[in-house]
$ cat my_file24.cif   # mmCIF, C-alpha atoms
data_protein
#
loop_
_atom_site.label_atom_id
_atom_site.label_comp_id
_atom_site.auth_asym_id
_atom_site.auth_seq_id
_atom_site.Cartn_x
_atom_site.Cartn_y
_atom_site.Cartn_z
CA MET A 1 109.53 14.52 114.72
CA LEU A 2 109.54 18.04 113.37
CA ALA A 3 106.09 19.56 112.87
CA PRO A 4 105.17 20.60 109.30
CA TRP A 5 105.28 24.33 110.22
CA ARG A 6 108.95 24.03 111.21
CA SER A 7 110.12 24.14 107.60
CA PRO A 8 108.42 27.45 106.62
CA LEU A 9 109.40 28.98 109.97
CA SER A 10 113.03 27.90 109.62
CA SER A 11 113.02 29.30 106.11
CA ALA A 12 111.73 32.66 107.37
CA ILE A 13 114.33 32.78 110.14
CA HIS A 14 117.06 31.98 107.63
CA ARG A 15 115.96 34.45 104.97
CA ASN A 16 115.64 37.27 107.52
CA ARG A 17 118.87 36.47 109.37
CA SER A 18 120.59 39.70 108.30
CA LYS A 19 118.22 41.59 110.64
CA PRO A 20 119.01 40.93 114.34
CA TYR A 21 115.46 42.01 115.26
CA SER A 22 114.02 39.19 113.17
CA ARG A 23 114.59 37.04 116.28
CA TYR A 24 112.26 39.26 118.33
CA PHE A 25 108.57 38.50 118.58
CA GLN A 26 105.58 39.68 120.61
CA LEU A 27 104.29 37.43 123.37
CA ALA A 28 100.68 37.95 124.44
CA THR A 29 99.33 36.56 127.70
CA VAL A 30 96.28 37.28 129.87
CA THR A 31 96.66 39.04 133.22
CA THR A 32 95.07 37.80 136.45
CA GLU A 33 92.36 40.47 135.87
CA GLY A 34 91.61 38.95 132.44
CA TYR A 35 93.21 41.72 130.37
CA PRO A 36 95.60 41.23 127.45
CA ALA A 37 99.33 41.84 128.00
CA ASN A 38 101.83 42.05 125.15
CA ARG A 39 105.58 42.53 125.06
CA THR A 40 108.59 41.91 122.83
CA VAL A 41 110.80 38.95 123.73
CA VAL A 42 113.76 37.26 122.06
CA PHE A 43 113.61 33.84 120.38
CA ARG A 44 116.36 31.67 121.92
CA GLY A 45 116.00 28.68 119.59
CA PHE A 46 114.12 25.41 119.89
CA LEU A 47 114.41 23.06 122.85
CA ASN A 48 117.28 20.67 122.07
CA ASN A 49 117.02 21.88 118.45
CA GLU A 50 114.79 18.96 117.59
CA GLN A 51 111.69 19.51 119.69
CA ASN A 52 108.91 21.87 118.69
CA SER A 53 109.04 24.07 121.81
CA LEU A 54 110.30 27.63 121.41
CA LYS A 55 112.72 28.93 124.04
CA ILE A 56 112.27 32.35 125.65
CA ILE A 57 113.85 33.70 128.82
CA THR A 58 112.34 35.74 131.60
CA ASP A 59 112.97 37.03 135.11
CA THR A 60 110.95 35.81 138.12
CA ARG A 61 110.56 39.49 139.03
CA SER A 62 108.82 40.26 135.71
CA ALA A 63 105.07 40.99 135.67
CA LYS A 64 104.48 38.26 133.09
CA ILE A 65 105.26 35.57 135.70
CA GLN A 66 101.91 36.21 137.42
CA ASP A 67 100.08 35.99 134.08
CA ILE A 68 101.74 32.66 133.33
CA GLU A 69 101.17 31.19 136.78
CA HIS A 70 97.50 32.13 136.45
CA GLN A 71 97.08 30.85 132.86
CA ALA A 72 99.98 29.21 131.05
CA ILE A 73 98.72 30.00 127.55
CA ALA A 74 100.20 32.47 125.06
CA GLU A 75 99.97 33.65 121.50
CA VAL A 76 103.16 34.81 119.86
CA CYS A 77 103.00 37.14 116.88
CA TRP A 78 106.20 36.95 114.84
CA TYR A 79 106.41 39.30 111.89
CA PHE A 80 109.34 39.04 109.48
CA THR A 81 109.95 42.42 107.88
CA LYS A 82 112.16 41.36 104.97
CA THR A 83 110.03 38.51 103.63
CA ARG A 84 106.77 40.14 104.81
CA GLU A 85 105.27 37.12 106.54
CA GLN A 86 103.66 36.56 109.93
CA PHE A 87 103.47 33.50 112.16
CA ARG A 88 100.87 33.53 114.91
CA ILE A 89 101.85 30.75 117.30
CA SER A 90 99.52 29.80 120.13
CA GLY A 91 100.16 27.14 122.70
CA ASN A 92 101.07 26.27 126.25
CA LEU A 93 103.77 27.88 128.34
CA GLN A 94 106.05 26.17 130.81
CA LEU A 95 108.29 28.04 133.24
CA ILE A 96 111.60 26.32 134.00
CA THR A 97 112.83 27.90 137.23
CA ALA A 98 115.75 27.19 139.56
CA ALA A 99 113.41 24.77 141.38
CA GLN A 100 112.87 22.58 138.30
CA THR A 101 113.63 18.94 139.20
CA ASP A 102 113.55 17.41 135.69
CA ASP A 103 117.24 17.02 134.86
CA ASN A 104 116.87 17.60 131.13
CA LEU A 105 114.84 20.79 131.60
CA GLN A 106 117.20 22.09 134.30
CA LEU A 107 120.09 21.42 131.93
CA ALA A 108 118.28 23.33 129.17
CA ARG A 109 117.89 26.26 131.60
CA GLN A 110 121.60 26.18 132.45
CA THR A 111 122.66 25.88 128.81
CA THR A 112 120.43 28.78 127.80
CA TRP A 113 121.99 30.93 130.56
CA HIS A 114 125.46 29.91 129.47
CA ASN A 115 124.76 30.94 125.88
CA LEU A 116 123.58 34.45 126.83
CA SER A 117 125.80 37.45 126.24
CA ALA A 118 127.39 38.96 129.35
CA ALA A 119 125.13 42.01 128.89
CA ALA A 120 122.02 39.83 128.85
CA ARG A 121 123.14 37.97 131.99
CA ALA A 122 123.84 41.27 133.76
CA GLN A 123 120.18 42.32 133.41
CA PHE A 124 119.20 39.59 135.85
CA ALA A 125 121.34 41.33 138.50
CA TRP A 126 119.78 44.74 137.83
CA PRO A 127 117.36 46.37 140.29
CA ASN A 128 113.75 45.15 140.34
CA PRO A 129 112.15 45.73 136.90
CA GLY A 130 109.09 48.02 136.87
CA LYS A 131 109.91 49.61 140.25
CA PRO A 132 110.69 53.36 140.53
CA ALA A 133 114.00 54.02 138.81
CA ALA A 134 117.06 53.15 140.91
CA ASP A 135 120.37 55.00 140.89
CA GLN A 136 122.59 54.51 137.87
CA ALA A 137 125.24 52.97 140.15
CA GLU A 138 122.98 49.99 140.82
CA PHE A 139 123.18 49.08 137.13
CA ASP A 140 126.98 49.22 137.03
CA ILE A 141 127.61 45.64 138.03
CA LEU A 142 129.83 42.86 136.80
CA PRO A 143 128.03 40.21 134.73
CA PRO A 144 127.14 37.09 136.74
CA ASP A 145 129.11 33.90 136.16
CA ALA A 146 128.15 32.08 132.95
CA ASP A 147 128.12 28.68 134.63
CA THR A 148 125.72 29.52 137.48
CA PRO A 149 122.31 30.93 136.54
CA LEU A 150 120.96 33.45 139.00
CA ASP A 151 117.92 32.16 140.92
CA ASN A 152 115.61 34.69 139.23
CA PHE A 153 116.56 33.45 135.74
CA CYS A 154 113.82 31.39 134.06
CA LEU A 155 113.65 29.49 130.84
CA LEU A 156 110.18 29.80 129.34
CA LEU A 157 109.00 27.19 126.84
CA LEU A 158 106.16 27.71 124.38
CA THR A 159 104.78 24.45 122.99
CA PRO A 160 102.63 25.29 119.96
CA LYS A 161 99.17 23.90 119.33
CA LYS A 162 98.15 26.16 116.46
CA ILE A 163 100.11 28.16 113.88
CA ASP A 164 98.63 30.72 111.49
CA HIS A 165 101.12 31.55 108.73
CA LEU A 166 100.35 34.58 106.55
CA GLN A 167 102.48 35.62 103.59
CA LEU A 168 101.76 39.16 102.42
CA ARG A 169 103.86 38.74 99.28
CA GLY A 170 102.06 37.10 96.43
CA ASP A 171 98.80 37.95 94.70
CA PRO A 172 96.68 36.97 96.46
CA GLN A 173 98.35 36.64 99.84
CA GLN A 174 98.83 33.10 101.13
CA ARG A 175 97.65 31.88 104.51
CA CYS A 176 97.87 28.44 106.07
CA LEU A 177 96.68 27.00 109.40
CA TYR A 178 98.54 24.19 111.18
CA ILE A 179 96.55 22.61 114.00
CA LEU A 180 97.68 19.93 116.48
CA GLU A 181 94.92 17.32 116.44
CA SER A 182 93.92 15.08 119.34
CA ASP A 183 95.88 12.16 117.79
CA ARG A 184 99.07 14.37 118.02
CA THR A 185 99.30 14.78 114.24
CA TRP A 186 99.26 18.18 112.56
CA SER A 187 96.51 19.16 110.13
CA VAL A 188 97.44 21.64 107.41
CA GLN A 189 94.70 23.83 105.91
CA PRO A 190 95.17 26.65 103.38
CA VAL A 191 92.69 29.41 104.21
CA ASN A 192 91.74 32.81 102.83
CA PRO A 193 94.04 35.64 103.97
CA MET B 1 95.32 68.30 124.76
CA LEU B 2 98.08 65.96 123.68
CA ALA B 3 99.10 63.43 126.30
CA PRO B 4 102.75 63.55 127.47
CA TRP B 5 103.56 60.21 125.73
CA ARG B 6 102.60 61.68 122.35
CA SER B 7 105.92 63.49 122.02
CA PRO B 8 108.21 60.43 122.47
CA LEU B 9 105.89 58.33 120.29
CA SER B 10 105.81 60.95 117.51
CA SER B 11 109.57 61.16 117.72
CA ALA B 12 109.89 57.37 117.33
CA ILE B 13 107.50 57.35 114.35
CA HIS B 14 109.46 60.16 112.73
CA ARG B 15 112.91 58.70 113.31
CA ASN B 16 111.85 55.28 111.99
CA ARG B 17 109.91 56.64 109.02
CA SER B 18 112.30 55.17 106.43
CA LYS B 19 110.98 51.70 107.35
CA PRO B 20 107.39 51.15 106.14
CA TYR B 21 106.96 48.37 108.70
CA SER B 22 107.57 50.85 111.53
CA ARG B 23 103.84 51.62 111.20
CA TYR B 24 102.94 48.01 112.02
CA PHE B 25 102.31 46.91 115.57
CA GLN B 26 100.94 43.86 117.39
CA LEU B 27 97.45 44.07 118.84
CA ALA B 28 96.65 41.65 121.67
CA THR B 29 93.08 40.91 122.75
CA VAL B 30 91.41 38.18 124.76
CA THR B 31 89.16 35.61 123.05
CA THR B 32 85.70 34.67 124.29
CA GLU B 33 87.34 31.55 125.81
CA GLY B 34 89.73 33.79 127.79
CA TYR B 35 92.83 33.03 125.70
CA PRO B 36 95.29 35.60 124.35
CA ALA B 37 95.13 36.52 120.64
CA ASN B 38 97.82 38.54 118.91
CA ARG B 39 98.19 39.85 115.36
CA THR B 40 99.98 42.52 113.36
CA VAL B 41 97.92 45.54 112.33
CA VAL B 42 98.74 48.86 110.67
CA PHE B 43 98.75 52.21 112.46
CA ARG B 44 96.46 54.58 110.51
CA GLY B 45 97.24 57.75 112.47
CA PHE B 46 95.52 59.46 115.37
CA LEU B 47 91.83 60.35 115.40
CA ASN B 48 91.55 63.86 113.91
CA ASN B 49 95.33 64.14 114.41
CA GLU B 50 94.79 65.88 117.74
CA GLN B 51 93.06 63.27 119.87
CA ASN B 52 94.93 60.52 121.67
CA SER B 53 93.10 57.59 120.05
CA LEU B 54 95.05 55.41 117.63
CA LYS B 55 93.29 54.40 114.41
CA ILE B 56 93.34 50.80 113.15
CA ILE B 57 91.10 49.17 110.55
CA THR B 58 89.46 45.77 110.56
CA ASP B 59 86.90 43.65 108.77
CA THR B 60 83.61 42.59 110.43
CA ARG B 61 84.40 39.07 109.16
CA SER B 62 87.70 38.98 111.12
CA ALA B 63 87.98 36.77 114.22
CA LYS B 64 89.09 39.72 116.34
CA ILE B 65 85.59 41.23 116.14
CA GLN B 66 84.25 38.60 118.55
CA ASP B 67 87.12 39.26 120.95
CA ILE B 68 86.37 42.98 120.93
CA GLU B 69 82.61 42.58 121.30
CA HIS B 70 83.27 40.35 124.29
CA GLN B 71 85.91 42.58 125.91
CA ALA B 72 86.89 45.90 124.31
CA ILE B 73 90.34 46.03 125.86
CA ALA B 74 93.69 45.65 124.09
CA GLU B 75 97.40 45.95 124.59
CA VAL B 76 99.44 47.05 121.60
CA CYS B 77 103.14 46.24 121.45
CA TRP B 78 104.94 48.59 119.08
CA TYR B 79 108.64 47.91 118.61
CA PHE B 80 110.74 50.32 116.55
CA THR B 81 113.68 48.48 115.04
CA LYS B 82 115.85 51.43 114.06
CA THR B 83 115.77 53.33 117.37
CA ARG B 84 115.38 50.13 119.41
CA GLU B 85 112.47 51.23 121.57
CA GLN B 86 109.14 49.68 122.54
CA PHE B 87 105.80 51.22 123.40
CA ARG B 88 103.29 49.00 125.18
CA ILE B 89 99.95 50.76 124.87
CA SER B 90 96.94 49.43 126.76
CA GLY B 91 93.47 50.87 126.68
CA ASN B 92 89.91 50.60 125.46
CA LEU B 93 88.81 49.66 121.97
CA GLN B 94 85.86 51.10 120.07
CA LEU B 95 84.55 49.62 116.82
CA ILE B 96 83.18 52.16 114.36
CA THR B 97 81.00 50.17 111.97
CA ALA B 98 78.65 51.13 109.14
CA ALA B 99 75.92 51.38 111.80
CA GLN B 100 77.71 54.10 113.78
CA THR B 101 75.34 57.04 114.30
CA ASP B 102 77.80 59.60 115.69
CA ASP B 103 78.45 61.85 112.70
CA ASN B 104 82.05 62.66 113.58
CA LEU B 105 82.97 59.02 114.08
CA GLN B 106 81.17 57.95 110.90
CA LEU B 107 83.05 60.67 109.04
CA ALA B 108 86.33 59.39 110.51
CA ARG B 109 85.43 55.90 109.23
CA GLN B 110 84.72 57.25 105.74
CA THR B 111 87.88 59.37 105.65
CA THR B 112 90.00 56.44 106.75
CA TRP B 113 88.49 54.29 103.97
CA HIS B 114 89.09 57.07 101.45
CA ASN B 115 92.76 57.31 102.42
CA LEU B 116 93.41 53.57 101.93
CA SER B 117 95.29 52.34 98.90
CA ALA B 118 93.20 50.60 96.23
CA ALA B 119 94.90 47.33 97.19
CA ALA B 120 93.92 47.75 100.84
CA ARG B 121 90.31 48.54 99.90
CA ALA B 122 90.17 45.47 97.63
CA GLN B 123 90.87 43.17 100.58
CA PHE B 124 87.46 44.01 102.01
CA ALA B 125 85.88 42.50 98.87
CA TRP B 126 87.95 39.30 99.10
CA PRO B 127 86.41 35.98 100.15
CA ASN B 128 85.75 35.38 103.83
CA PRO B 129 89.08 35.52 105.77
CA GLY B 130 90.04 32.35 107.65
CA LYS B 131 87.73 30.10 105.61
CA PRO B 132 89.13 27.29 103.39
CA ALA B 133 91.03 28.86 100.51
CA ALA B 134 88.82 30.09 97.67
CA ASP B 135 89.70 30.05 93.98
CA GLN B 136 92.25 32.58 92.79
CA ALA B 137 89.57 34.11 90.53
CA GLU B 138 87.63 35.30 93.58
CA PHE B 139 90.55 37.54 94.52
CA ASP B 140 90.77 39.11 91.06
CA ILE B 141 88.32 41.91 91.68
CA LEU B 142 88.25 45.63 91.00
CA PRO B 143 88.92 47.79 94.08
CA PRO B 144 85.74 49.17 95.68
CA ASP B 145 84.90 52.84 95.24
CA ALA B 146 86.97 55.15 97.45
CA ASP B 147 83.96 57.25 98.46
CA THR B 148 81.73 54.43 99.71
CA PRO B 149 83.12 52.13 102.43
CA LEU B 150 81.98 48.54 102.16
CA ASP B 151 79.65 47.51 104.99
CA ASN B 152 82.23 45.11 106.44
CA PHE B 153 84.82 47.88 106.78
CA CYS B 154 85.38 49.00 110.39
CA LEU B 155 87.44 51.70 111.94
CA LEU B 156 88.87 50.52 115.25
CA LEU B 157 89.95 53.09 117.85
CA LEU B 158 92.35 52.38 120.71
CA THR B 159 92.12 54.97 123.49
CA PRO B 160 95.18 54.49 125.72
CA LYS B 161 95.07 54.37 129.52
CA LYS B 162 98.62 53.20 130.16
CA ILE B 163 101.84 53.43 128.16
CA ASP B 164 105.08 51.62 128.99
CA HIS B 165 107.98 53.10 127.01
CA LEU B 166 111.26 51.15 126.98
CA GLN B 167 114.41 52.37 125.26
CA LEU B 168 117.00 49.64 124.79
CA ARG B 169 119.67 52.10 123.72
CA GLY B 170 121.51 53.75 126.56
CA ASP B 171 123.35 52.30 129.49
CA PRO B 172 121.31 51.49 131.43
CA GLN B 173 118.15 51.18 129.35
CA GLN B 174 115.44 53.78 130.04
CA ARG B 175 111.85 52.93 130.86
CA CYS B 176 108.95 55.24 131.67
CA LEU B 177 105.30 54.59 132.61
CA TYR B 178 102.51 57.00 131.64
CA ILE B 179 99.22 56.33 133.47
CA LEU B 180 95.87 58.05 132.97
CA GLU B 181 94.70 58.97 136.46
CA SER B 182 91.09 59.23 137.64
CA ASP B 183 91.24 63.04 137.32
CA ARG B 184 92.07 62.56 133.57
CA THR B 185 95.64 63.79 133.97
CA TRP B 186 98.64 61.65 133.04
CA SER B 187 101.21 60.61 135.63
CA VAL B 188 104.76 60.03 134.41
CA GLN B 189 107.02 57.65 136.33
CA PRO B 190 110.53 56.54 135.35
CA VAL B 191 110.95 52.88 136.36
CA ASN B 192 113.65 50.24 136.17
CA PRO B 193 113.92 48.51 132.77
#

$ encode --input "my_file24.cif" --output "structure tokens"
Amino acid sequence: MLAPWRSPLSSAIHRNRSKPYSRYFQLATVTTEGYPANRTVVFRGFLNNEQNSLKIITDTRSAKIQDIEHQAIAEVCWYFTKTREQFRISGNLQLITAAQTDDNLQLARQTTWHNLSAAARAQFAWPNPGKPAADQAEFDILPPDADTPLDNFCLLLLTPKKIDHLQLRGDPQQRCLYILESDRTWSVQPVNP
Amino acid sequence: MLAPWRSPLSSAIHRNRSKPYSRYFQLATVTTEGYPANRTVVFRGFLNNEQNSLKIITDTRSAKIQDIEHQAIAEVCWYFTKTREQFRISGNLQLITAAQTDDNLQLARQTTWHNLSAAARAQFAWPNPGKPAADQAEFDILPPDADTPLDNFCLLLLTPKKIDHLQLRGDPQQRCLYILESDRTWSVQPVNP
């Protein structure tokens, strides 16, 4: 069943759809040293469209993999510039790698790869991210096949446990907390902005 | 002396200046439980314009205060939509409260308050943020005096130690790391995107 925060989030995605960057959000994790890390990633839709997990992609060579293997918890901050609203989404992360044995999750990984643009797929064949800059020639490669994800391609799922929705429009601003309770239902609490 | 990352950052701020939201960025901290927290805040300029510390404001009643008192380290993710570039800025945080005894820092706090819009100042007189929603009437208040910061108003300084600048435009993308070395100089290293 769709969580109660899905409707306002879908509405925000829809009303901001003219801006391609409205599908970007900032993913915060904690490093193995206990420090915050924060980077922009792209929203790739919901798992199977009808589950509440958000899809992200990442590369096994990316620094965030160590953060996630150490502590699979994140908070996403998703600000929509046109409608001036923010969703803070915290929850658990799950990495779906080439080694994933659950058929449905492996299929989701393959489908997500298939739906990428050729340019996005090509990045997974680029030289090692974060290492001293390689020659330009090493980036001039043909995009990998759409039907066969490269081994370093990961699907990353964020399964929310708490959502903090703030709307800056309105006088006063509106803010609402959605919390996943121990009985798996969602509580909804309007709070002060 | 201005750090070498100041020039590309100033250029990004300038070239994106038509978008008011280009002065918003996402501030990640770690909670007392060790979990990531992430929220949008507003860039309020550099300390005295010529130091490398970024100015942010916050409310002593905000949840992020506990994070900062526990561990005064943050990573900012600042994505510029028009020029398609990201600055990840990690460093130390310093809270400048009403109790701050350093005259220059207290003056910076007062000047920052003075430069706020009346609407921004009024938020510091609103009911307690994050608590169950108060009556509308409690938000209908006159803005506080511009010359006297409310006690709950804090200036928050981020003093960078590492900057990761990614430019998505260009083929391939460009990425550069700026790191504050132990001799207080900045190293500059182009790396793979």

$ interface_residues --input "my_file24.cif" --of "chain A" --to "chain B" --cutoff "7 Å" --atoms "all atoms listed in the file" --output "number ranges by chain"
A: 21, 28-30, 35-39, 73-77, 81, 88, 127-134, 139, 172, 190-193

$ calpha_fit_and_write --input "my_file24.cif" --fixed "chain B" --moving "chain A" --output "short mmCIF file (atom, residue, chain, number, x, y, z; two decimals) with C-alpha atoms, keeping the file's coordinate frame"
data_model
loop_
_atom_site.label_atom_id
_atom_site.label_comp_id
_atom_site.auth_asym_id
_atom_site.auth_seq_id
_atom_site.Cartn_x
_atom_site.Cartn_y
_atom_site.Cartn_z
CA MET A 1 95.30 68.30 124.77
CA LEU A 2 98.06 65.96 123.68
CA ALA A 3 99.11 63.41 126.30
CA PRO A 4 102.75 63.54 127.46
CA TRP A 5 103.56 60.21 125.73
CA ARG A 6 102.61 61.68 122.35
CA SER A 7 105.92 63.49 122.00
CA PRO A 8 108.22 60.44 122.45
CA LEU A 9 105.90 58.33 120.29
CA SER A 10 105.81 60.93 117.51
CA SER A 11 109.58 61.15 117.71
CA ALA A 12 109.89 57.37 117.31
CA ILE A 13 107.51 57.34 114.35
CA HIS A 14 109.46 60.15 112.73
CA ARG A 15 112.91 58.69 113.31
CA ASN A 16 111.85 55.28 111.99
CA ARG A 17 109.90 56.62 109.01
CA SER A 18 112.31 55.17 106.44
CA LYS A 19 110.99 51.69 107.35
CA PRO A 20 107.39 51.14 106.13
CA TYR A 21 106.97 48.36 108.72
CA SER A 22 107.58 50.83 111.53
CA ARG A 23 103.86 51.62 111.20
CA TYR A 24 102.94 48.01 112.02
CA PHE A 25 102.31 46.91 115.58
CA GLN A 26 100.95 43.86 117.39
CA LEU A 27 97.46 44.06 118.85
CA ALA A 28 96.65 41.64 121.67
CA THR A 29 93.09 40.92 122.74
CA VAL A 30 91.40 38.17 124.76
CA THR A 31 89.16 35.61 123.04
CA THR A 32 85.69 34.67 124.28
CA GLU A 33 87.32 31.54 125.81
CA GLY A 34 89.73 33.77 127.78
CA TYR A 35 92.83 33.02 125.70
CA PRO A 36 95.29 35.60 124.35
CA ALA A 37 95.13 36.52 120.64
CA ASN A 38 97.83 38.54 118.91
CA ARG A 39 98.20 39.83 115.37
CA THR A 40 99.99 42.51 113.36
CA VAL A 41 97.92 45.53 112.33
CA VAL A 42 98.74 48.85 110.67
CA PHE A 43 98.75 52.21 112.47
CA ARG A 44 96.47 54.58 110.52
CA GLY A 45 97.25 57.75 112.48
CA PHE A 46 95.51 59.46 115.37
CA LEU A 47 91.83 60.36 115.40
CA ASN A 48 91.54 63.85 113.90
CA ASN A 49 95.31 64.16 114.42
CA GLU A 50 94.77 65.88 117.73
CA GLN A 51 93.06 63.27 119.87
CA ASN A 52 94.94 60.52 121.67
CA SER A 53 93.10 57.59 120.05
CA LEU A 54 95.04 55.40 117.63
CA LYS A 55 93.30 54.39 114.41
CA ILE A 56 93.34 50.79 113.16
CA ILE A 57 91.11 49.17 110.56
CA THR A 58 89.47 45.77 110.56
CA ASP A 59 86.90 43.65 108.77
CA THR A 60 83.62 42.59 110.43
CA ARG A 61 84.40 39.08 109.17
CA SER A 62 87.69 38.98 111.13
CA ALA A 63 87.98 36.76 114.22
CA LYS A 64 89.09 39.71 116.34
CA ILE A 65 85.58 41.23 116.14
CA GLN A 66 84.25 38.58 118.55
CA ASP A 67 87.12 39.25 120.97
CA ILE A 68 86.37 42.97 120.92
CA GLU A 69 82.61 42.58 121.28
CA HIS A 70 83.25 40.34 124.29
CA GLN A 71 85.91 42.58 125.90
CA ALA A 72 86.87 45.88 124.30
CA ILE A 73 90.34 46.04 125.85
CA ALA A 74 93.69 45.64 124.09
CA GLU A 75 97.40 45.96 124.58
CA VAL A 76 99.44 47.05 121.60
CA CYS A 77 103.14 46.24 121.46
CA TRP A 78 104.95 48.58 119.08
CA TYR A 79 108.64 47.90 118.60
CA PHE A 80 110.74 50.33 116.56
CA THR A 81 113.67 48.47 115.04
CA LYS A 82 115.87 51.42 114.06
CA THR A 83 115.78 53.32 117.36
CA ARG A 84 115.37 50.11 119.41
CA GLU A 85 112.47 51.24 121.57
CA GLN A 86 109.15 49.68 122.53
CA PHE A 87 105.80 51.22 123.42
CA ARG A 88 103.29 49.00 125.18
CA ILE A 89 99.94 50.76 124.87
CA SER A 90 96.94 49.42 126.75
CA GLY A 91 93.48 50.87 126.67
CA ASN A 92 89.92 50.60 125.45
CA LEU A 93 88.80 49.67 121.97
CA GLN A 94 85.87 51.10 120.07
CA LEU A 95 84.55 49.62 116.83
CA ILE A 96 83.18 52.17 114.36
CA THR A 97 80.99 50.18 111.98
CA ALA A 98 78.64 51.13 109.14
CA ALA A 99 75.90 51.37 111.80
CA GLN A 100 77.70 54.10 113.77
CA THR A 101 75.31 57.05 114.30
CA ASP A 102 77.80 59.61 115.69
CA ASP A 103 78.44 61.86 112.70
CA ASN A 104 82.04 62.67 113.58
CA LEU A 105 82.98 59.01 114.08
CA GLN A 106 81.16 57.94 110.89
CA LEU A 107 83.06 60.67 109.05
CA ALA A 108 86.34 59.39 110.51
CA ARG A 109 85.43 55.90 109.22
CA GLN A 110 84.70 57.26 105.74
CA THR A 111 87.86 59.37 105.66
CA THR A 112 90.00 56.43 106.76
CA TRP A 113 88.49 54.30 103.95
CA HIS A 114 89.09 57.07 101.45
CA ASN A 115 92.75 57.31 102.43
CA LEU A 116 93.41 53.58 101.94
CA SER A 117 95.30 52.34 98.91
CA ALA A 118 93.19 50.61 96.25
CA ALA A 119 94.90 47.32 97.20
CA ALA A 120 93.92 47.75 100.85
CA ARG A 121 90.31 48.54 99.91
CA ALA A 122 90.17 45.48 97.64
CA GLN A 123 90.88 43.16 100.59
CA PHE A 124 87.47 44.01 102.02
CA ALA A 125 85.89 42.51 98.88
CA TRP A 126 87.96 39.31 99.10
CA PRO A 127 86.41 35.98 100.14
CA ASN A 128 85.77 35.37 103.85
CA PRO A 129 89.08 35.53 105.78
CA GLY A 130 90.05 32.34 107.65
CA LYS A 131 87.73 30.11 105.60
CA PRO A 132 89.13 27.29 103.39
CA ALA A 133 91.03 28.87 100.52
CA ALA A 134 88.82 30.11 97.67
CA ASP A 135 89.71 30.06 93.98
CA GLN A 136 92.25 32.59 92.80
CA ALA A 137 89.58 34.12 90.54
CA GLU A 138 87.63 35.30 93.58
CA PHE A 139 90.55 37.55 94.52
CA ASP A 140 90.78 39.14 91.07
CA ILE A 141 88.32 41.93 91.68
CA LEU A 142 88.25 45.64 91.01
CA PRO A 143 88.92 47.80 94.08
CA PRO A 144 85.73 49.17 95.67
CA ASP A 145 84.89 52.84 95.25
CA ALA A 146 86.96 55.14 97.48
CA ASP A 147 83.96 57.24 98.47
CA THR A 148 81.72 54.41 99.71
CA PRO A 149 83.12 52.13 102.43
CA LEU A 150 81.99 48.55 102.16
CA ASP A 151 79.64 47.52 104.99
CA ASN A 152 82.22 45.11 106.44
CA PHE A 153 84.83 47.88 106.79
CA CYS A 154 85.39 49.00 110.39
CA LEU A 155 87.45 51.72 111.95
CA LEU A 156 88.86 50.53 115.26
CA LEU A 157 89.95 53.09 117.84
CA LEU A 158 92.33 52.38 120.71
CA THR A 159 92.13 54.96 123.49
CA PRO A 160 95.18 54.51 125.73
CA LYS A 161 95.07 54.37 129.51
CA LYS A 162 98.62 53.19 130.15
CA ILE A 163 101.85 53.42 128.15
CA ASP A 164 105.09 51.62 128.98
CA HIS A 165 107.98 53.10 127.00
CA LEU A 166 111.25 51.15 126.97
CA GLN A 167 114.41 52.38 125.27
CA LEU A 168 117.00 49.64 124.79
CA ARG A 169 119.68 52.11 123.72
CA GLY A 170 121.49 53.76 126.56
CA ASP A 171 123.35 52.31 129.52
CA PRO A 172 121.30 51.50 131.44
CA GLN A 173 118.15 51.19 129.36
CA GLN A 174 115.45 53.78 130.03
CA ARG A 175 111.85 52.95 130.86
CA CYS A 176 108.95 55.23 131.67
CA LEU A 177 105.30 54.59 132.61
CA TYR A 178 102.51 57.00 131.65
CA ILE A 179 99.24 56.33 133.46
CA LEU A 180 95.86 58.04 132.97
CA GLU A 181 94.70 58.97 136.46
CA SER A 182 91.10 59.23 137.63
CA ASP A 183 91.25 63.05 137.31
CA ARG A 184 92.07 62.57 133.54
CA THR A 185 95.65 63.79 133.96
CA TRP A 186 98.65 61.67 133.03
CA SER A 187 101.21 60.61 135.63
CA VAL A 188 104.76 60.05 134.40
CA GLN A 189 107.01 57.65 136.33
CA PRO A 190 110.53 56.54 135.34
CA VAL A 191 110.95 52.90 136.34
CA ASN A 192 113.66 50.25 136.17
CA PRO A 193 113.92 48.52 132.77
#

$ closest_residue --input "my_file24.cif" --among "A:Asn104, A:Gln167, A:Thr159, A:Ser53" --to "Thr83 (chain A)" --atoms "all atoms listed in the file"
A:Gln167

$ closest_residue --input "my_file24.cif" --among "A:Ala118, A:Ile13, A:Ala98, A:Leu2" --to "Phe153 (chain A)" --atoms "all atoms listed in the file"
A:Ala98

$ closest_residue --input "my_file24.cif" --among "B:Asn52, B:Thr32, B:Thr101, B:Ser11" --to "Asp67 (chain B)" --atoms "only C-alpha atoms"
B:Thr32

$ closest_residue --input "my_file24.cif" --among "B:Val41, B:Ile96, B:Leu107, B:Ala120" --to "Asp151 (chain B)" --atoms "all atoms listed in the file"
B:Ile96

$ residues_around --input "my_file24.cif" --residues "Glu50 (chain B)" --least-positions-apart "2" --cutoff "12 Å" --atoms "all atoms listed in the file" --output "compact mmCIF listing (two decimals) with C-alpha atoms, in the frame of the given file"
# COMPACT_ATOMS: atom_id res chain seq x y z
CA MET B 1 95.32 68.30 124.76
CA LEU B 2 98.08 65.96 123.68
CA ALA B 3 99.10 63.43 126.30
CA ARG B 6 102.60 61.68 122.35
CA GLY B 45 97.24 57.75 112.47
CA PHE B 46 95.52 59.46 115.37
CA LEU B 47 91.83 60.35 115.40
CA ASN B 48 91.55 63.86 113.91
CA ASN B 52 94.93 60.52 121.67
CA SER B 53 93.10 57.59 120.05
CA LEU B 54 95.05 55.41 117.63
